[in-house]
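Enquirer: For reference, this is entry.txt, and it has compact mmCIF, C-alpha atoms.
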```txt
# COMPACT_ATOMS: atom_id res chain seq x y z
CA MET A 1 15.00 -17.02 -5.20
CA ASN A 2 18.27 -16.59 -3.39
CA LYS A 3 20.20 -14.80 -0.71
CA SER A 4 19.93 -11.46 -2.49
CA LEU A 5 16.15 -11.36 -1.89
CA LEU A 6 16.44 -10.12 1.69
CA HIS A 7 20.18 -9.55 1.99
CA ASN A 8 20.32 -6.87 -0.70
CA SER A 9 16.92 -5.38 -0.02
CA LYS A 10 17.14 -2.06 1.80
CA ILE A 11 13.52 -2.21 3.00
CA PHE A 12 11.19 -5.14 3.45
CA VAL A 13 7.84 -5.73 5.09
CA VAL A 14 7.26 -8.39 7.75
CA LYS A 15 3.75 -9.46 8.77
CA VAL A 16 3.14 -11.51 11.91
CA GLY A 17 -0.26 -13.11 12.47
CA SER A 18 -2.38 -13.30 15.60
CA SER A 19 -1.28 -16.84 16.38
CA LEU A 20 2.35 -15.67 16.60
CA VAL A 21 1.84 -12.78 19.02
CA THR A 22 -0.93 -14.17 21.21
CA LYS A 23 -1.33 -17.20 23.45
CA ASN A 24 -4.06 -18.95 21.49
CA GLY A 25 -6.36 -15.99 22.01
CA GLU A 26 -5.39 -15.50 25.67
CA GLY A 27 -3.87 -12.06 25.19
CA LEU A 28 -0.44 -11.07 23.99
CA ASP A 29 2.56 -13.39 24.22
CA ARG A 30 5.21 -11.00 25.49
CA LEU A 31 8.02 -13.55 25.12
CA ALA A 32 7.16 -14.03 21.44
CA ILE A 33 7.06 -10.27 20.83
CA GLU A 34 10.42 -9.91 22.58
CA GLN A 35 11.84 -12.44 20.12
CA TRP A 36 10.44 -10.53 17.12
CA ALA A 37 11.93 -7.32 18.51
CA ALA A 38 15.33 -9.01 18.97
CA GLN A 39 15.41 -10.36 15.40
CA ILE A 40 14.28 -7.11 13.81
CA SER A 41 16.76 -5.11 15.92
CA GLU A 42 19.57 -7.35 14.68
CA LEU A 43 18.48 -6.78 11.08
CA VAL A 44 18.48 -3.02 11.69
CA LYS A 45 22.08 -3.35 12.91
CA ARG A 46 22.86 -5.05 9.60
CA GLY A 47 21.58 -2.00 7.74
CA GLN A 48 18.03 -3.14 6.96
CA GLN A 49 14.90 -1.05 7.30
CA ILE A 50 11.92 -3.06 8.50
CA ILE A 51 8.21 -2.26 8.43
CA LEU A 52 6.20 -4.53 10.72
CA VAL A 53 2.54 -5.31 10.09
CA SER A 54 1.20 -6.94 13.22
CA SER A 55 -2.09 -8.59 14.08
CA GLY A 56 -3.12 -9.16 17.67
CA ALA A 57 -5.15 -6.09 18.66
CA VAL A 58 -8.54 -7.81 18.57
CA ALA A 59 -7.19 -10.90 20.37
CA GLU A 60 -5.66 -8.73 23.10
CA GLY A 61 -8.87 -6.74 23.37
CA MET A 62 -10.88 -9.93 23.74
CA GLN A 63 -8.63 -11.00 26.61
CA ARG A 64 -8.86 -7.62 28.35
CA LEU A 65 -12.64 -7.62 28.00
CA GLY A 66 -12.97 -11.23 29.11
CA TRP A 67 -14.45 -12.48 25.82
CA LYS A 68 -13.83 -16.15 25.00
CA LYS A 69 -15.15 -16.11 21.43
CA ARG A 70 -14.22 -13.71 18.62
CA PRO A 71 -17.24 -11.43 18.00
CA VAL A 72 -18.87 -11.13 14.59
CA GLU A 73 -20.59 -7.78 15.05
CA VAL A 74 -18.53 -4.95 13.57
CA HIS A 75 -19.04 -2.60 16.53
CA GLU A 76 -17.85 -5.28 18.96
CA LEU A 77 -14.77 -6.00 16.84
CA GLN A 78 -14.05 -2.28 16.74
CA ALA A 79 -14.34 -2.04 20.51
CA ALA A 80 -12.01 -5.01 20.99
CA ALA A 81 -9.50 -3.52 18.55
CA ALA A 82 -9.55 -0.16 20.33
CA VAL A 83 -8.90 -1.77 23.71
CA GLY A 84 -6.34 -4.25 22.40
CA GLN A 85 -4.37 -1.78 20.31
CA MET A 86 -3.27 -0.07 23.53
CA GLY A 87 -1.67 -3.24 24.86
CA LEU A 88 -0.22 -4.24 21.49
CA ILE A 89 1.69 -1.03 20.89
CA GLN A 90 2.78 -0.73 24.55
CA THR A 91 4.29 -4.21 24.39
CA TYR A 92 6.11 -3.57 21.13
CA GLU A 93 7.45 -0.24 22.36
CA SER A 94 8.85 -1.73 25.58
CA CYS A 95 10.37 -4.72 23.80
CA PHE A 96 12.11 -2.63 21.14
CA ALA A 97 13.26 -0.12 23.78
CA LYS A 98 15.51 -2.85 25.20
CA HIS A 99 17.44 -2.64 21.92
CA GLY A 100 17.53 1.15 21.81
CA LEU A 101 14.83 1.44 19.14
CA HIS A 102 11.59 3.42 19.07
CA THR A 103 8.38 2.24 17.46
CA ALA A 104 5.54 4.17 15.85
CA GLN A 105 1.90 3.15 15.68
CA VAL A 106 0.49 3.54 12.15
CA LEU A 107 -3.19 2.69 11.66
CA LEU A 108 -4.40 2.59 8.06
CA THR A 109 -7.73 2.22 6.28
CA HIS A 110 -8.54 1.51 2.66
CA GLU A 111 -9.45 5.17 2.21
CA ASP A 112 -5.90 6.14 3.17
CA LEU A 113 -4.57 4.22 0.18
CA VAL A 114 -7.18 5.04 -2.46
CA ASN A 115 -7.02 8.78 -1.90
CA ARG A 116 -3.93 9.91 -3.81
CA LYS A 117 -3.01 12.69 -1.36
CA ARG A 118 -3.39 10.45 1.71
CA TYR A 119 -1.52 7.67 -0.10
CA LEU A 120 1.45 9.98 -0.68
CA ASN A 121 1.25 11.30 2.90
CA ALA A 122 1.34 7.75 4.29
CA ARG A 123 4.31 6.94 2.09
CA THR A 124 6.20 10.05 3.17
CA THR A 125 5.48 9.42 6.85
CA LEU A 126 6.72 5.82 6.69
CA LYS A 127 9.87 6.87 4.83
CA THR A 128 10.55 9.55 7.44
CA LEU A 129 10.09 7.11 10.32
CA LEU A 130 12.55 4.69 8.71
CA ASP A 131 15.05 7.50 8.16
CA PHE A 132 14.86 8.21 11.92
CA ASN A 133 15.53 4.53 12.64
CA VAL A 134 12.01 4.05 14.01
CA ILE A 135 10.15 0.75 13.51
CA PRO A 136 6.64 1.38 12.11
CA ILE A 137 4.07 -1.01 13.60
CA ILE A 138 1.16 -1.09 11.15
CA ASN A 139 -2.35 -2.39 11.67
CA GLU A 140 -5.71 -1.77 10.07
CA ASN A 141 -7.65 1.00 11.77
CA ASP A 142 -10.41 -1.37 12.85
CA THR A 143 -11.92 1.18 15.23
CA VAL A 144 -13.26 3.44 12.46
CA VAL A 145 -13.32 1.31 9.30
CA THR A 146 -16.61 -0.08 8.00
CA ASP A 147 -17.10 -3.63 6.77
CA GLU A 148 -17.59 -2.49 3.18
CA ILE A 149 -14.23 -0.75 2.90
CA ARG A 150 -11.96 -2.76 5.21
CA PHE A 151 -8.91 -4.67 4.02
CA GLY A 152 -10.31 -7.68 5.86
CA ASP A 153 -6.98 -9.21 6.83
CA ASN A 154 -3.46 -8.07 7.53
CA ASP A 155 -2.00 -10.18 4.71
CA THR A 156 -3.71 -7.89 2.21
CA LEU A 157 -2.68 -4.83 4.20
CA ALA A 158 0.95 -6.03 4.27
CA ALA A 159 0.95 -6.49 0.49
CA LEU A 160 -0.45 -3.00 -0.03
CA VAL A 161 2.18 -1.52 2.30
CA ALA A 162 4.89 -3.43 0.42
CA ASN A 163 3.66 -1.90 -2.83
CA LEU A 164 3.24 1.54 -1.24
CA MET A 165 6.89 1.54 -0.15
CA GLU A 166 8.20 -0.17 -3.33
CA VAL A 167 10.05 -2.84 -1.36
CA ASP A 168 11.62 -5.92 -2.92
CA ALA A 169 10.31 -8.52 -0.49
CA LEU A 170 7.31 -9.28 1.68
CA VAL A 171 7.58 -11.84 4.49
CA LEU A 172 4.29 -13.32 5.72
CA LEU A 173 4.86 -15.24 8.95
CA THR A 174 2.25 -17.71 10.14
CA ASP A 175 1.86 -20.79 12.33
CA GLN A 176 2.14 -23.04 9.26
CA GLN A 177 5.35 -24.21 7.59
CA GLY A 178 4.28 -22.73 4.27
CA LEU A 179 2.15 -23.83 1.34
CA PHE A 180 1.25 -27.47 0.77
CA SER A 181 -0.52 -29.11 -2.15
CA GLU A 182 -3.32 -29.94 0.32
CA ASP A 183 -4.08 -29.14 3.95
CA PRO A 184 -1.43 -31.14 5.88
CA ARG A 185 -3.71 -31.25 8.90
CA LYS A 186 -6.15 -33.33 6.86
CA ASN A 187 -3.80 -35.22 4.53
CA LYS A 188 -0.41 -36.40 5.81
CA ASP A 189 0.71 -37.05 2.21
CA ALA A 190 0.40 -33.38 1.23
CA VAL A 191 3.45 -32.14 -0.70
CA PHE A 192 5.29 -29.05 0.53
CA ILE A 193 5.89 -26.31 -2.06
CA HIS A 194 9.29 -24.64 -1.67
CA GLU A 195 9.21 -22.29 -4.68
CA GLU A 196 6.52 -21.22 -7.11
CA THR A 197 5.42 -18.25 -9.20
CA ALA A 198 3.13 -15.80 -7.45
CA GLY A 199 -0.20 -15.50 -9.21
CA ASN A 200 -0.33 -19.12 -10.34
CA VAL A 201 -4.06 -19.88 -10.15
CA ALA A 202 -3.32 -23.46 -9.08
CA LEU A 203 -2.02 -22.09 -5.77
CA GLU A 204 -5.42 -20.61 -4.90
CA LYS A 205 -7.05 -24.02 -5.31
CA MET A 206 -4.54 -25.53 -2.86
CA ALA A 207 -5.08 -22.93 -0.15
CA SER A 208 -7.50 -23.33 2.75
CA GLY A 209 -9.39 -20.90 5.00
CA ALA A 210 -8.50 -19.43 8.38
CA GLY A 211 -6.64 -21.88 10.56
CA SER A 212 -7.22 -20.43 14.02
CA SER A 213 -10.04 -18.98 16.08
CA VAL A 214 -8.28 -15.65 16.69
CA GLY A 215 -7.20 -14.71 13.16
CA THR A 216 -9.08 -13.71 10.00
CA GLY A 217 -6.53 -14.88 7.47
CA GLY A 218 -5.72 -18.34 6.18
CA MET A 219 -3.34 -19.60 3.52
CA LEU A 220 -5.66 -18.34 0.77
CA THR A 221 -5.32 -14.73 1.96
CA LYS A 222 -1.55 -15.12 1.83
CA ILE A 223 -1.66 -16.51 -1.70
CA LEU A 224 -3.86 -13.61 -2.81
CA ALA A 225 -1.63 -11.11 -0.99
CA ALA A 226 1.43 -12.54 -2.77
CA LYS A 227 -0.41 -12.22 -6.08
CA ARG A 228 -1.21 -8.57 -5.33
CA ALA A 229 2.38 -7.85 -4.29
CA ALA A 230 3.72 -9.63 -7.38
CA ASN A 231 1.80 -7.23 -9.63
CA ALA A 232 4.21 -4.54 -8.40
CA GLY A 233 7.33 -6.72 -8.68
CA VAL A 234 7.45 -7.73 -5.00
CA HIS A 235 8.51 -11.29 -4.08
CA THR A 236 6.78 -13.00 -1.13
CA ILE A 237 7.97 -15.52 1.45
CA ILE A 238 5.39 -17.46 3.48
CA ALA A 239 7.10 -19.11 6.42
CA SER A 240 6.52 -20.36 9.94
CA GLY A 241 7.10 -17.80 12.64
CA ASN A 242 7.72 -20.67 15.04
CA GLU A 243 11.10 -21.38 13.40
CA ASN A 244 13.96 -20.15 15.59
CA ASP A 245 15.40 -16.84 14.32
CA VAL A 246 13.41 -17.22 11.11
CA LEU A 247 14.00 -13.63 9.93
CA LEU A 248 17.75 -13.80 10.49
CA ARG A 249 18.01 -17.16 8.75
CA LEU A 250 15.99 -15.91 5.78
CA HIS A 251 18.23 -12.88 5.62
CA ASP A 252 21.26 -15.18 5.58
CA GLY A 253 19.82 -17.00 2.55
CA GLU A 254 18.32 -20.10 4.13
CA LEU A 255 15.41 -21.53 2.14
CA ILE A 256 12.65 -21.57 4.76
CA GLY A 257 8.96 -21.73 3.90
CA THR A 258 7.40 -21.13 0.49
CA HIS A 259 9.01 -18.54 -1.78
CA LEU A 260 6.66 -17.01 -4.36
CA LYS A 261 8.44 -15.14 -7.13
CA SER A 262 7.13 -12.16 -9.03
CA THR A 263 7.77 -12.25 -12.76
CA LYS A 264 6.86 -8.60 -13.28
CA ALA A 265 9.05 -5.55 -13.36
CA LYS A 266 8.40 -2.91 -10.72
CA ASN A 267 5.66 -0.45 -11.62
CA VAL A 268 6.09 3.24 -11.12
CA ALA A 269 4.51 4.53 -7.91
CA LYS A 270 1.29 5.87 -9.50
CA LYS A 271 0.64 2.59 -11.31
CA GLN A 272 1.21 0.66 -8.10
CA TRP A 273 -1.40 2.91 -6.49
CA LEU A 274 -3.85 2.20 -9.30
CA ALA A 275 -3.27 -1.56 -9.16
CA ASP A 276 -3.75 -1.60 -5.39
CA HIS A 277 -7.30 -0.23 -5.40
CA LEU A 278 -9.52 -2.77 -3.66
CA ARG A 279 -12.59 -1.01 -5.02
CA THR A 280 -13.15 0.84 -8.28
CA GLY A 281 -15.69 3.52 -9.11
CA GLY A 282 -17.25 1.62 -12.00
CA LYS A 283 -16.49 -0.56 -15.01
CA LEU A 284 -15.92 -0.10 -18.72
CA VAL A 285 -16.46 -3.05 -21.05
CA LEU A 286 -13.93 -2.92 -23.92
CA ASP A 287 -13.92 -4.43 -27.39
CA ALA A 288 -11.08 -6.65 -28.61
CA GLY A 289 -9.33 -3.82 -30.42
CA ALA A 290 -9.22 -1.61 -27.34
CA ILE A 291 -7.97 -4.48 -25.18
CA ASN A 292 -5.15 -5.15 -27.63
CA ALA A 293 -4.24 -1.45 -27.79
CA VAL A 294 -4.11 -1.16 -24.01
CA LYS A 295 -2.47 -4.50 -23.15
CA THR A 296 -0.15 -5.16 -26.08
CA GLU A 297 0.59 -1.78 -27.63
CA GLY A 298 0.68 0.30 -24.42
CA LYS A 299 -1.74 2.89 -25.80
CA SER A 300 -4.32 5.09 -24.10
CA LEU A 301 -7.95 3.96 -23.93
CA LEU A 302 -10.16 5.80 -26.40
CA SER A 303 -13.92 6.13 -26.27
CA ILE A 304 -14.38 4.27 -29.55
CA GLY A 305 -13.24 1.04 -27.89
CA VAL A 306 -15.86 1.08 -25.12
CA LEU A 307 -18.86 -1.25 -25.52
CA ASP A 308 -20.66 -0.61 -22.24
CA VAL A 309 -20.56 1.31 -18.96
CA VAL A 310 -21.35 -0.32 -15.59
CA GLY A 311 -21.93 1.68 -12.41
CA SER A 312 -21.69 5.37 -11.61
CA PHE A 313 -18.43 7.30 -11.40
CA GLU A 314 -17.05 10.81 -11.64
CA ARG A 315 -14.18 12.28 -13.62
CA GLY A 316 -10.94 11.40 -11.80
CA ASP A 317 -12.25 8.13 -10.34
CA VAL A 318 -10.40 4.87 -10.83
CA VAL A 319 -12.43 2.52 -13.05
CA ALA A 320 -11.94 -1.13 -14.02
CA CYS A 321 -11.63 -2.05 -17.71
CA MET A 322 -13.18 -5.43 -18.47
CA ASP A 323 -13.43 -7.81 -21.41
CA ASN A 324 -16.74 -9.32 -22.54
CA SER A 325 -16.26 -12.29 -20.19
CA GLY A 326 -16.03 -10.09 -17.10
CA ASN A 327 -12.24 -10.36 -16.67
CA GLU A 328 -10.48 -7.18 -15.54
CA VAL A 329 -7.68 -6.36 -17.98
CA SER A 330 -6.66 -2.93 -16.71
CA ARG A 331 -7.73 0.00 -14.56
CA GLY A 332 -7.10 3.70 -14.67
CA ILE A 333 -8.16 7.27 -13.90
CA VAL A 334 -11.05 8.19 -16.17
CA ASN A 335 -11.33 11.64 -17.78
CA TYR A 336 -15.14 11.67 -18.05
CA ASN A 337 -18.01 10.73 -15.74
CA SER A 338 -20.24 7.71 -16.34
CA GLN A 339 -23.06 9.66 -18.02
CA GLU A 340 -20.62 11.30 -20.40
CA VAL A 341 -18.98 7.98 -21.25
CA MET A 342 -22.40 6.46 -21.98
CA ARG A 343 -22.91 9.17 -24.62
CA ILE A 344 -19.48 8.98 -26.25
CA LYS A 345 -18.82 5.21 -26.08
CA GLY A 346 -18.24 3.71 -29.50
CA HIS A 347 -17.44 7.12 -30.97
CA ALA A 348 -14.08 8.42 -32.21
CA SER A 349 -12.23 11.05 -30.19
CA HIS A 350 -12.85 13.78 -32.76
CA GLU A 351 -16.61 13.31 -32.26
CA ILE A 352 -16.54 14.04 -28.50
CA GLU A 353 -16.94 17.81 -28.81
CA GLN A 354 -19.87 17.42 -31.20
CA ILE A 355 -21.63 15.01 -28.82
CA LEU A 356 -20.88 16.67 -25.45
CA GLY A 357 -20.28 20.25 -26.54
CA TYR A 358 -16.81 20.24 -24.98
CA VAL A 359 -13.65 18.13 -24.73
CA GLU A 360 -11.90 17.37 -21.44
CA GLU A 361 -9.30 15.04 -22.96
CA SER A 362 -9.03 13.19 -26.27
CA ALA A 363 -8.36 9.92 -24.41
CA LEU A 364 -10.86 8.34 -22.06
CA ILE A 365 -7.94 7.10 -19.92
CA HIS A 366 -4.43 8.30 -20.73
CA ARG A 367 -1.77 5.57 -20.74
CA ASP A 368 0.16 7.38 -17.98
CA ASN A 369 -2.89 6.93 -15.74
CA LEU A 370 -3.56 3.31 -16.72
CA VAL A 371 -2.14 0.05 -15.41
CA VAL A 372 -2.49 -3.36 -17.07
CA LEU A 373 -3.31 -6.22 -14.70
```
Using the file provided, produce a representation of the structure as structure tokens.
Expert:
Amino acid sequence: MNKSLLHNSKIFVVKVGSSLVTKNGEGLDRLAIEQWAAQISELVKRGQQIILVSSGAVAEGMQRLGWKKRPVEVHELQAAAAVGQMGLIQTYESCFAKHGLHTAQVLLTHEDLVNRKRYLNARTTLKTLLDFNVIPIINENDTVVTDEIRFGDNDTLAALVANLMEVDALVLLTDQQGLFSEDPRKNKDAVFIHEETAGNVALEKMASGAGSSVGTGGMLTKILAAKRAANAGVHTIIASGNENDVLLRLHDGELIGTHLKSTKAKNVAKKQWLADHLRTGGKLVLDAGAINAVKTEGKSLLSIGVLDVVGSFERGDVVACMDNSGNEVSRGIVNYNSQEVMRIKGHASHEIEQILGYVEESALIHRDNLVVL
């Protein structure tokens, strides 16, 4: 990974964690946010377009409400986020205003990115903001999201935004230097990893849990976010936000932190959207022939290759395609509901009309609506 990663990228996503924008849970660190605004403003002068994903709303809300310990109840977290989001966006707006830039608050939920129309609307809005030289400040909409459908951490959200906007690079800034072979706080002999391939399963075994009392993410969430971003051809840098001018130095080509390369070509926008679904409507268990046709030959999924149906789904839902061992091999938009698939599974396409009395499509999932994982 070299200078061209950030230098030649028109748009990239930067995520800053709670520990970098708060004073150890004691509200927002205005001086730190001023420094982020100064670095990003300089990059904008250089012709870059930056999308900022920022944590800190819950921590700021805790401070404003006088809470010393992060709550676990969803309604209390939502209240803290609602209160803290006011201070977070006000601080960013005033800090960027010193450099002649406006900011925009963009709150997203999982539903915004699984619904195709809302997905495209979010994409268009972000593109328009960037065209107007506005810095989007993105956070999860904690105030309305439920525990079952939340992203859970801003690393995942940042990866999804990177894929949404088809950027080349994702920068995850944390209070750690990067990825080590073991937790350096527990083992002083841990080896630092400068470069690696995103998605390498060995990386997940090295990563630890959340490292602070104010954040939800740890190194593992960053590894998994890099893996998700890599599926859409996005490279990830995990680096310490405590490094002086870290964004400018990365832009100049300095090797700071851990650089995780993607080995995959960029997917088209619809296939990125399919790959980014955190939840699917149901599962189809495929036989070996269907898996080979989908993965190796790039063909559509036909009903004859389906062994079993798991869960309930409707026509047009995104479903996961699994092998017999429970590994997801692909996902796509299904042309029949779960009851219909139960009836036609194992049968050839020309038998569908005889079994159901009608034919929606000859393919269960057309290859244009299917992405291999």
Enquirer: Show which residues sit within 9 Å of Ile333 in chain A, as JSON, numbers by chain. Count only C-alpha atoms, and ignore same-chain residues fewer than 4 positions away.
Expert: {"A": [274, 315, 316, 317, 318, 319, 364, 365, 366, 369, 370]}
Enquirer: Name all residues at most 12 Å from Leu220 in chain A (count all atoms listed in the file; drop same-chain ones fewer than 2 positions away) and give them as a PyMOL selection string.
Expert: chain A and resi 153+155-156+178-180+182-183+199+201-211+216-218+222-227+238
Enquirer: Export C-alpha atoms of the chosen residues as a tab-separated table (two decimals), in the frame of the given file?
Expert:
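Produced file out_0.tsv, reproduced below:
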```tsv
chain	number	residue	atom	x	y	z
A	153	ASP	CA	-6.98	-9.21	6.83
A	155	ASP	CA	-2.00	-10.18	4.71
A	156	THR	CA	-3.71	-7.89	2.21
A	178	GLY	CA	4.28	-22.73	4.27
A	179	LEU	CA	2.15	-23.83	1.34
A	180	PHE	CA	1.25	-27.47	0.77
A	182	GLU	CA	-3.32	-29.94	0.32
A	183	ASP	CA	-4.08	-29.14	3.95
A	199	GLY	CA	-0.20	-15.50	-9.21
A	201	VAL	CA	-4.06	-19.88	-10.15
A	202	ALA	CA	-3.32	-23.46	-9.08
A	203	LEU	CA	-2.02	-22.09	-5.77
A	204	GLU	CA	-5.42	-20.61	-4.90
A	205	LYS	CA	-7.05	-24.02	-5.31
A	206	MET	CA	-4.54	-25.53	-2.86
A	207	ALA	CA	-5.08	-22.93	-0.15
A	208	SER	CA	-7.50	-23.33	2.75
A	209	GLY	CA	-9.39	-20.90	5.00
A	210	ALA	CA	-8.50	-19.43	8.38
A	211	GLY	CA	-6.64	-21.88	10.56
A	216	THR	CA	-9.08	-13.71	10.00
A	217	GLY	CA	-6.53	-14.88	7.47
A	218	GLY	CA	-5.72	-18.34	6.18
A	222	LYS	CA	-1.55	-15.12	1.83
A	223	ILE	CA	-1.66	-16.51	-1.70
A	224	LEU	CA	-3.86	-13.61	-2.81
A	225	ALA	CA	-1.63	-11.11	-0.99
A	226	ALA	CA	1.43	-12.54	-2.77
A	227	LYS	CA	-0.41	-12.22	-6.08
A	238	ILE	CA	5.39	-17.46	3.48
```
Enquirer: In the coordinates of the file, take the point (-14.0, -4.4, 21.2) and a cut-off of 9 Å; then, counting only C-alpha atoms, name each qualifying protein, DNA or RNA residue as a PyMOL selection string.
Expert: chain A and resi 58+61-62+65+71+74-84+143
Enquirer: In Å, rounded to a single decimal, give me how far CA of Lys264 in chain A is from CA of Ile138 in chain A.
Expert: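 These two atoms are separated by 26.2 Å.
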Enquirer: Give as an MDAnalysis selection string the set of residues within 12 Å of the point (-7.8, -7.5, -14.1), where distances use the file's coordinates and only C-alpha atoms.
Expert: chainID A and resid 227:228 231 274:278 280 283:285 291 295 319:323 325:332 370:373
Enquirer: Could you pull the residues within 7 Å of Gly257 in chain A, counting all atoms listed in the file, minus those fewer than 3 positions along the same chain, as a PDB file with C-alpha atoms, keeping the file's coordinate frame?
Expert:
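This is the output file out_35.pdb:
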```
ATOM      1  CA  GLN A 177       5.350 -24.210   7.590  1.00  0.00           C
ATOM      2  CA  GLY A 178       4.280 -22.730   4.270  1.00  0.00           C
ATOM      3  CA  HIS A 194       9.290 -24.640  -1.670  1.00  0.00           C
ATOM      4  CA  ILE A 237       7.970 -15.520   1.450  1.00  0.00           C
ATOM      5  CA  ILE A 238       5.390 -17.460   3.480  1.00  0.00           C
ATOM      6  CA  ALA A 239       7.100 -19.110   6.420  1.00  0.00           C
ATOM      7  CA  SER A 240       6.520 -20.360   9.940  1.00  0.00           C
TER       8      SER A 240
END
```
Enquirer: CA of Asp168 in chain A and CA of Thr263 in chain A, how far apart in Å?
Expert: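 That distance, rounded to one decimal, is 12.3 Å.
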Enquirer: Kindly give the distance, in Å, that separates CA of Lys15 in chain A and CA of Val167 in chain A, rounded to a single decimal.
Expert: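 Computed distance, CA of Lys15 in chain A to CA of Val167 in chain A, equals 13.6 Å.
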Enquirer: Closest to Ala293 in chain A among A:Gly47, A:Pro184, A:Gly233, A:Gly305, using all atoms listed in the file?
Expert: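 Residue with the minimum atom-to-atom distance to Ala293 in chain A: A:Gly305.
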Enquirer: Residues at most 9 Å from Leu113 in chain A, counting all atoms listed in the file, excluding those fewer than 3 positions away in the same chain, as an MDAnalysis selection string?
Expert: chainID A and resid 108:110 116:120 122 160 164 273 276:277
Enquirer: Restricting the calculation to only C-alpha atoms: of A:Asp245, A:His251, A:Ile51, A:Val16, which residue gets closest to Val161 in chain A?
Expert: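 Closest to Val161 in chain A of all the choices is A:Ile51.
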Enquirer: Of the candidates A:Asn242, A:Ser181, A:Gln48, A:Asn337, which shows the shortest atom-to-atom distance to Thr258 in chain A, using only C-alpha atoms?
Expert: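 Of the candidates, the smallest distance to Thr258 in chain A is held by A:Ser181.
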Enquirer: Which one is closest to Ser55 in chain A: A:Glu340, A:Asp308, A:Asp175, A:Glu140? Count all atoms listed in the file.
Expert: A:Glu140
Enquirer: Restrict the calculation to only C-alpha atoms, then for each residue of range 51-119 of chain A with any atom at most 9 Å from an atom of range 131-135 of chain A give the closest atom pair and their distance in Å to one decimal, rows by chain and rising residue number, as CSV.
Expert:
```
residue,atom,partner,partner_atom,distance
A:Ile51,CA,A:Ile135,CA,6.2
A:Leu52,CA,A:Ile135,CA,7.2
A:Phe96,CA,A:Ile135,CA,8.6
A:Leu101,CA,A:Val134,CA,6.4
A:His102,CA,A:Val134,CA,5.1
A:Thr103,CA,A:Ile135,CA,4.6
A:Ala104,CA,A:Ile135,CA,6.2
A:Gln105,CA,A:Ile135,CA,8.9
```
Enquirer: With distances taken over all atoms listed in the file, which of A:Leu247, A:Val309, A:Val234, A:Leu31 is nearest to Met165 in chain A?
Expert: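 Closest residue, counting all atoms listed in the file: A:Val234.
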Enquirer: For a quick check of understanding, using all atoms listed in the file, which of A:Ile50, A:Ile304, A:Leu126, A:Leu173 has the smallest distance to His259 in chain A?
Expert: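 So, comparing all the options, the nearest one is A:Leu173.
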